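Written below as C-alpha cells is the structure these notes are about.
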Amino acid sequence: MTSLVTARNVTKSYGKVRAVDNVSFEIQKGRITGLFGPNGAGKTTLLKALLGLTDCEGELSVLGLDPFRQRKELMKNICFIADVAVLPRWIKVTQLLDFVEATHPNYSRQRSEELLAKTKVRKDAKVRELSKGMVTQLHLSIIAAVDARLLVLDEPTLGLDIIFRKEFYSNLLNDYFDGERTILVTTHQVEEIENLMTDIMFINDGRLILDTKMDSLPEIYVELVTSGENADTARTLGPLFERDVFGKKVMTFENIDRDKLEGLGEMHTPSVADLFVAKVKGAAA
Amino acid sequence: MITNQLALVRREIWEHRSLYITPAVVALVMILTLLTAFVFASGYQEIVDIGIIGAQNLAGDTERRAALLAILIGNTVPFIFAGTVLTIFYALDSLYAERKNKSILFWRSLPITDAETVVSKLLTVLLAIPLIAFAVIVITHLVILAITGIFVSIEGGSSVFLVWKSAPLFDVWAGMLIIMILLPIWFSPFIGWFLFVSAWTKRSPLLMAFLPLIMVPTLEYWVLRTHLIFDAITTRFEQLPIFKGIDPEMFFDEQQFVASTDAVSLLAYVDVGKFLTSPQMWAGVVVCGLFTTAAIYVRRYRDES
C-alpha cells in the first residue's frame, strides 16, 4: 500500500492553544477516510495544514510533498471543497471554467460541462444568482473534472437541503471515485457517509482519539444493551461509555472479549455516531 | 508562468469592471460635452465663421498643429486623473476583497502561488489600467476629431485640411503611451504600499493606507525633528524625470519656432533616458518591490481563520 498522506507528530498552536496536538496518521491510496470531531476540535486546522494553507510543526507529507512549501505543486494533484473556501460571487460560470482551464494543468473543461449539463446551473449565470445547492454542484463539477489524486471535503454539504445532500454524495461516488483516487471528508452528518467510508478518524481537543478501518470496528467495539443486575456486572468490565435508552443501559466497550459479555444482554456494533459520542464523552469522564 | 499571469490579469478585469467602465464613462462625458459645445457654438455663427476662416488662412501649419496638440493632450488629462483614482481604489481592494468575501481559499485551492497572484495585481496596475485607458484615449481622440471635422465641414471649412492633416495623432499617442507606462512606475512605491495595506489590513483599507502617510512624517518630525519621509513623499510629486526641460529659447526665438513644426511635439519632450537613469526612480522601484514582497508574505503566512 502506498501512503498518500503521512503525518508524524503534527502540531499547530495558536498562541498557547494547541489546535492540533501531536497528531500522527497515514492515509492510503484509494481509501475514503472520514474525519470527525466536535466543533473546535482541530479538524479544519488539520485540513488546512494538509492543504498547505497553514504552517505547522512536525513532519507532514502529502503526495510526497511538503504542503506548505510546495503548495502550487500539491494543488495540481489535490482538490478541496471547504465551507470556508467559497466561490467568488461576482464571477460568471463560464469565466470560472475559463480561469480553471487556464491555470490548472489537470483539468478537463469538457468533463465539467458534461457534469453541469445534468444540473440546472446556467452557464451565463453569475455565482451570486445561483442557490447554495447549485453553487455546490458547480464547485463539484469543477473538482470532479480535475484529475486529482486526493480530494479533501470539509463540511461539503453544510446548509444544503436533503435532496442536494443525497445527490452530492451519489454524484461524488459516480463521477469522482474510481478506486484510484482518495477522499478525505469531514462532516457533522455522520450517517450520510457511514456507508461510504473505508477508514475513520476521530479528533478531539486537537488529539487523534481514533484511527481505524471501518472493517475492523466490529472487532474493536461492541455495544451492549442491558439492564438491572446484568448492567452492574457489565459495568465491572469497564465500559468506555454508558448511556440510558428507554430505561435500558447501553454500554460501549473497547477491545473486549465478546465471550465475557455473553448472556449480559444484546450485543451489536455501535453506529459511528454513537461511537463518536462514546469516545468523546468517555474520554472526558 | 506567462499563461498564468494572463489568466490572472484577465480575472482582475472580470472582477473589477471599473477598470474599463471608468475610462469609458470619462470618454462619454467628454464626447457629450464637445457635442453640447458645438450645438451651443452654432448659435454664434459669425464667430465660428471668423474662427474657421482665420484657422484656414491666417495661421500657419505650426499654429494649427500646436492648437490640436494642446486639445489632444488636454483631453487625456481627465483620463489620467480618473486612472489615478481608479488605481488607488483597485490596489486597495485587490487583496482585501478576496479575504472579505472568503473566496481567498478557493483561489488558493488552485495551483497558483501567492507570489503569482500578488504580482498579477501589480501588473494590473502597471500595465492593464494604463493600456485600457490608452485604448480608450485613442478612440476618444478619433471620435472627437471626427465630430470636430463634421462641425468644420458643416460650417464650410475643410475638415481634412484643418483637422486630419494638422492633428499630430501619432506623436501624441506615442508620447502618451510612454508617459502612461512610466507614470505608474514612478509612483510605484505608493502602489506597493497600497497592495501591502490591502493584503494586511483587517478593515478600512483606505483609511489604513492614508493615515500612516500623514502620521508617520508627523511622528518623525516630533521625535527626531527631521522630515526625511515627508520629503521622500513630496518630492515624488515635484520632479517627474519623464520630461525634458523646456528650452525657453525655442519659444522666444521666433525664427526657430516658426521654422520647425517638429518643435510642436509631445514625443520630443518625453525623455526615457532620463527616466531610466534616475536614481529616484530605481529607489522607488526597490521600495515597491519590498512592499510587494511583504504583501506576498502576508497572503502566504496569515491564517485567515
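Ordered as shown in the C-alpha cells, chains take letters A, B, and onward, while each chain numbers its residues from 1 and ligands are numbered from 1 in the order shown.
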
List as a PyMOL selection string the protein and nucleic acid residues near Val29 (chain B), meaning an atom at most 12 Å away when only C-alpha atoms are counted, but skip any in the same chain fewer than 5 places from it.
chain B and resi 22-24+34-36+75+78-79+140+144

Could you save the residues just selected, with C-alpha atoms, as a CSV table (one decimal), in the first residue's frame?
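part_11.csv, written as the output of this step:
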```
chain,number,residue,atom,x,y,z
B,22,THR,CA,-14.3,54.3,-15.6
B,23,PRO,CA,-12.3,55.4,-18.8
B,24,ALA,CA,-15.4,54.7,-20.9
B,34,LEU,CA,-18.0,68.5,-27.0
B,35,LEU,CA,-21.3,67.9,-28.8
B,36,THR,CA,-23.0,70.3,-26.4
B,75,ASN,CA,-8.2,65.6,-23.5
B,78,PRO,CA,-9.2,63.7,-17.2
B,79,PHE,CA,-8.2,60.1,-18.1
B,140,THR,CA,-11.8,59.3,-27.9
B,144,ILE,CA,-13.5,64.0,-31.1
```

Rows by chain and residue number, chain B within 9 Å of chain A, shortest pair, only C-alpha atoms, as a tab-separated table:
```
residue	atom	partner	partner_atom	distance
B:Thr3	CA	A:Ala102	CA	7.1
B:Asn4	CA	A:Thr103	CA	5.6
B:Leu6	CA	A:Ala102	CA	8.9
B:Ala7	CA	A:Ala102	CA	6.2
B:Leu8	CA	A:Phe99	CA	7.9
B:Arg10	CA	A:Phe99	CA	8.7
B:Arg11	CA	A:Phe99	CA	7.3
B:Trp14	CA	A:Ile91	CA	7.4
B:Glu15	CA	A:Trp90	CA	6.6
B:Glu98	CA	A:Pro88	CA	7.9
B:Asn101	CA	A:Pro88	CA	7.2
B:Lys102	CA	A:Val86	CA	6.0
B:Ser103	CA	A:Val86	CA	5.0
B:Ile104	CA	A:Ala85	CA	6.8
B:Leu105	CA	A:Ala85	CA	4.5
B:Phe106	CA	A:Ala85	CA	4.7
B:Trp107	CA	A:Ala85	CA	8.2
B:Arg108	CA	A:Leu53	CA	7.9
B:Ser109	CA	A:Met75	CA	6.3
B:Leu110	CA	A:Met75	CA	5.7
B:Pro111	CA	A:Lys72	CA	4.4
B:Ile112	CA	A:Lys72	CA	5.4
B:Thr113	CA	A:Lys72	CA	5.6
B:Asp114	CA	A:Lys72	CA	8.9
B:Arg300	CA	A:Leu53	CA	7.7
B:Tyr301	CA	A:Thr54	CA	6.8
B:Arg302	CA	A:Thr54	CA	7.8
B:Asp303	CA	A:Thr54	CA	6.2
B:Ser305	CA	A:Thr45	CA	8.7
```

Give me the residues of region 6-41 of chain A that have any atom at most 12 Å from an atom of region 151-154 of chain A; for each, the nearest atom pair and the distance in Å, rounded to one decimal. Use only C-alpha atoms, sort by chain and number, and format it as a tab-separated table.
```
residue	atom	partner	partner_atom	distance
A:Ile27	CA	A:Val152	CA	12.0
A:Lys29	CA	A:Leu151	CA	11.3
A:Gly30	CA	A:Leu151	CA	10.8
A:Arg31	CA	A:Leu151	CA	10.7
A:Ile32	CA	A:Leu151	CA	9.4
A:Thr33	CA	A:Val152	CA	9.7
A:Gly34	CA	A:Leu153	CA	9.6
A:Leu35	CA	A:Asp154	CA	9.2
A:Phe36	CA	A:Asp154	CA	10.3
A:Gly37	CA	A:Asp154	CA	11.8
```

Dump N, CA and C atoms for the selected residues as a compact mmCIF listing (two decimals), in the first residue's frame?
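As a result, part10.txt now contains:
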```
# COMPACT_ATOMS: atom_id res chain seq x y z
N ILE A 27 -2.74 8.04 5.45
CA ILE A 27 -3.91 7.76 4.61
C ILE A 27 -3.40 7.03 3.37
N LYS A 29 -3.71 5.13 -0.41
CA LYS A 29 -4.32 5.39 -1.71
C LYS A 29 -5.62 4.60 -1.88
N GLY A 30 -6.61 5.24 -2.50
CA GLY A 30 -7.85 4.53 -2.82
C GLY A 30 -8.83 4.41 -1.67
N ARG A 31 -8.55 5.07 -0.54
CA ARG A 31 -9.44 4.96 0.62
C ARG A 31 -10.36 6.18 0.71
N ILE A 32 -11.45 6.01 1.40
CA ILE A 32 -12.32 7.14 1.73
C ILE A 32 -12.31 7.27 3.24
N THR A 33 -11.65 8.31 3.70
CA THR A 33 -11.48 8.45 5.14
C THR A 33 -12.41 9.54 5.67
N GLY A 34 -13.15 9.23 6.72
CA GLY A 34 -13.98 10.23 7.38
C GLY A 34 -13.24 10.76 8.59
N LEU A 35 -13.21 12.07 8.72
CA LEU A 35 -12.56 12.69 9.88
C LEU A 35 -13.65 13.41 10.67
N PHE A 36 -13.82 13.02 11.92
CA PHE A 36 -14.89 13.61 12.73
C PHE A 36 -14.33 14.23 13.98
N GLY A 37 -15.01 15.25 14.43
CA GLY A 37 -14.62 15.88 15.68
C GLY A 37 -15.64 16.93 16.02
```

Those in region 15-190 of chain A with strand (DSSP E or B) from DSSP, as a PyMOL selection string
chain A and resi 17-28+32-36+57-62+65+78-82+92+107+126+146+150-154+182-186

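When DSSP is run on the backbone, the residues of region 158-243 of chain A that fall into alpha helix (DSSP H) are Ile162, Ile163, Phe164, Arg165, Lys166, Glu167, Phe168, Tyr169, Ser170, Asn171, Val190, Glu191, Glu192, Ile193, Leu217, Pro218, Glu219, Ile220, Gly228, Glu229, Asn230, Ala231, Asp232, Thr233, Ala234, Arg235 and Thr236 of chain A.
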
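Proximity ranking of B:Ile47, B:Ala115, B:Met176, B:Ile191 relative to Phe134 (chain B) places B:Met176 first, based on only C-alpha atoms.
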
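Among the candidate residues A:Val222, A:Leu65, A:Leu138, A:Ala19, the one lying nearest to Gly206 (chain A) is A:Ala19, with distances computed using only C-alpha atoms.
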
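Minimum distance to Ser141 (chain A) across A:Asp175, A:Gly159, A:Leu261, A:Arg122 (counting only C-alpha atoms) occurs at A:Asp175.
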
Using only C-alpha atoms, find the one residue out of A:Gly179, A:Pro156, A:Pro67, A:Gly247 that sits nearest to Gly228 (chain A).
A:Gly247

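Within 6 Å of region 267-279 of chain A there are Pro218, Val222, Glu223, Leu224, Phe241, Gly282 and Ala283 of chain A, counting only C-alpha atoms and ignoring same-chain residues fewer than 3 positions away.
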
For Asp205 (chain A), find every residue with an atom within 10 Å (counting only C-alpha atoms), except residues of its own chain fewer than 2 positions away, and show them as a list in words.
Val17, Arg18, Ala19, Val20, Asp21, Gly37, Pro38, Asn39, Gly40, Ala41, Gly42, Lys43, Ile203, Arg207, Leu208, Ile209 and Val280 of chain A

Residue subset to file, keeping all heavy atoms, as a compact mmCIF listing (two decimals), in the first residue's frame:
```
# COMPACT_ATOMS: atom_id res chain seq x y z
N VAL A 17 -2.85 27.95 22.65
CA VAL A 17 -3.82 26.90 22.34
C VAL A 17 -3.23 25.97 21.28
O VAL A 17 -2.79 26.42 20.23
CB VAL A 17 -5.13 27.51 21.82
CG1 VAL A 17 -6.15 26.42 21.57
CG2 VAL A 17 -5.66 28.54 22.80
N ARG A 18 -3.25 24.68 21.60
CA ARG A 18 -2.79 23.71 20.61
C ARG A 18 -3.99 23.19 19.84
O ARG A 18 -4.71 22.33 20.32
CB ARG A 18 -2.08 22.55 21.30
CG ARG A 18 -0.73 22.94 21.84
CD ARG A 18 0.01 21.71 22.29
NE ARG A 18 1.45 21.97 22.24
CZ ARG A 18 2.36 21.03 22.22
NH1 ARG A 18 2.00 19.77 22.19
NH2 ARG A 18 3.64 21.34 22.20
N ALA A 19 -4.21 23.75 18.67
CA ALA A 19 -5.38 23.36 17.87
C ALA A 19 -5.22 21.94 17.37
O ALA A 19 -6.18 21.18 17.28
CB ALA A 19 -5.56 24.33 16.71
N VAL A 20 -3.98 21.59 17.01
CA VAL A 20 -3.67 20.22 16.62
C VAL A 20 -2.48 19.82 17.47
O VAL A 20 -1.48 20.53 17.53
CB VAL A 20 -3.33 20.11 15.12
CG1 VAL A 20 -2.86 18.71 14.79
CG2 VAL A 20 -4.54 20.47 14.27
N ASP A 21 -2.62 18.68 18.17
CA ASP A 21 -1.65 18.37 19.21
C ASP A 21 -1.02 17.01 18.94
O ASP A 21 -1.61 15.96 19.22
CB ASP A 21 -2.40 18.38 20.56
CG ASP A 21 -1.43 18.31 21.73
OD1 ASP A 21 -0.21 18.22 21.48
OD2 ASP A 21 -1.90 18.33 22.88
N GLY A 37 -15.01 15.25 14.43
CA GLY A 37 -14.62 15.88 15.68
C GLY A 37 -15.64 16.93 16.02
O GLY A 37 -16.30 17.47 15.13
N PRO A 38 -15.79 17.23 17.32
CA PRO A 38 -16.72 18.30 17.70
C PRO A 38 -16.21 19.64 17.17
O PRO A 38 -15.06 19.75 16.74
CB PRO A 38 -16.70 18.28 19.22
CG PRO A 38 -15.74 17.24 19.66
CD PRO A 38 -15.09 16.64 18.46
N ASN A 39 -17.06 20.66 17.21
CA ASN A 39 -16.62 21.99 16.79
C ASN A 39 -15.40 22.42 17.60
O ASN A 39 -15.36 22.22 18.80
CB ASN A 39 -17.73 23.01 17.00
CG ASN A 39 -18.87 22.77 16.04
OD1 ASN A 39 -18.67 22.26 14.94
ND2 ASN A 39 -20.07 23.13 16.45
N GLY A 40 -14.44 22.97 16.92
CA GLY A 40 -13.25 23.46 17.62
C GLY A 40 -12.27 22.35 18.01
O GLY A 40 -11.35 22.58 18.78
N ALA A 41 -12.48 21.14 17.46
CA ALA A 41 -11.59 20.03 17.83
C ALA A 41 -10.26 20.09 17.10
O ALA A 41 -9.30 19.44 17.50
CB ALA A 41 -12.27 18.70 17.55
N GLY A 42 -10.20 20.86 16.01
CA GLY A 42 -8.96 20.96 15.25
C GLY A 42 -9.05 20.35 13.86
O GLY A 42 -8.06 20.28 13.14
N LYS A 43 -10.28 19.95 13.46
CA LYS A 43 -10.46 19.34 12.13
C LYS A 43 -9.99 20.27 11.02
O LYS A 43 -9.18 19.92 10.18
CB LYS A 43 -11.95 19.08 11.85
CG LYS A 43 -12.53 17.87 12.48
CD LYS A 43 -14.00 17.74 12.07
CE LYS A 43 -14.72 19.03 12.22
NZ LYS A 43 -15.92 19.14 12.92
N ILE A 203 -11.13 13.15 16.03
CA ILE A 203 -10.21 14.11 16.63
C ILE A 203 -10.96 14.89 17.71
O ILE A 203 -12.13 15.23 17.54
CB ILE A 203 -9.60 15.05 15.55
CG1 ILE A 203 -8.51 15.93 16.14
CG2 ILE A 203 -10.66 15.88 14.87
CD1 ILE A 203 -7.71 16.69 15.09
N ARG A 207 -6.38 16.20 19.54
CA ARG A 207 -5.71 14.89 19.53
C ARG A 207 -6.52 13.89 18.74
O ARG A 207 -7.75 13.92 18.74
CB ARG A 207 -5.56 14.37 20.95
CG ARG A 207 -4.65 15.27 21.74
CD ARG A 207 -3.99 14.54 22.87
NE ARG A 207 -3.18 15.55 23.57
CZ ARG A 207 -3.32 15.81 24.85
NH1 ARG A 207 -4.17 15.13 25.56
NH2 ARG A 207 -2.59 16.74 25.39
N LEU A 208 -5.80 12.96 18.12
CA LEU A 208 -6.45 11.89 17.38
C LEU A 208 -6.84 10.82 18.39
O LEU A 208 -5.98 10.24 19.05
CB LEU A 208 -5.45 11.33 16.36
CG LEU A 208 -6.02 10.80 15.06
CD1 LEU A 208 -6.87 11.83 14.37
CD2 LEU A 208 -4.87 10.38 14.15
N ILE A 209 -8.15 10.56 18.54
CA ILE A 209 -8.55 9.57 19.53
C ILE A 209 -9.02 8.26 18.89
O ILE A 209 -9.28 7.30 19.59
CB ILE A 209 -9.63 10.12 20.50
CG1 ILE A 209 -10.83 10.66 19.72
CG2 ILE A 209 -9.05 11.20 21.41
CD1 ILE A 209 -11.99 11.03 20.60
N VAL A 280 -15.73 10.50 22.66
CA VAL A 280 -15.50 11.88 23.11
C VAL A 280 -15.92 12.04 24.57
O VAL A 280 -15.17 12.55 25.40
CB VAL A 280 -16.26 12.88 22.21
CG1 VAL A 280 -16.20 14.28 22.80
CG2 VAL A 280 -15.65 12.87 20.82
```

Who sits within 9 Å of region 148-152 of chain B, only C-alpha atoms, same chain under 6 positions skipped, as a ChimeraX atom specification
/B:34-35,38,52,158-160,162-164
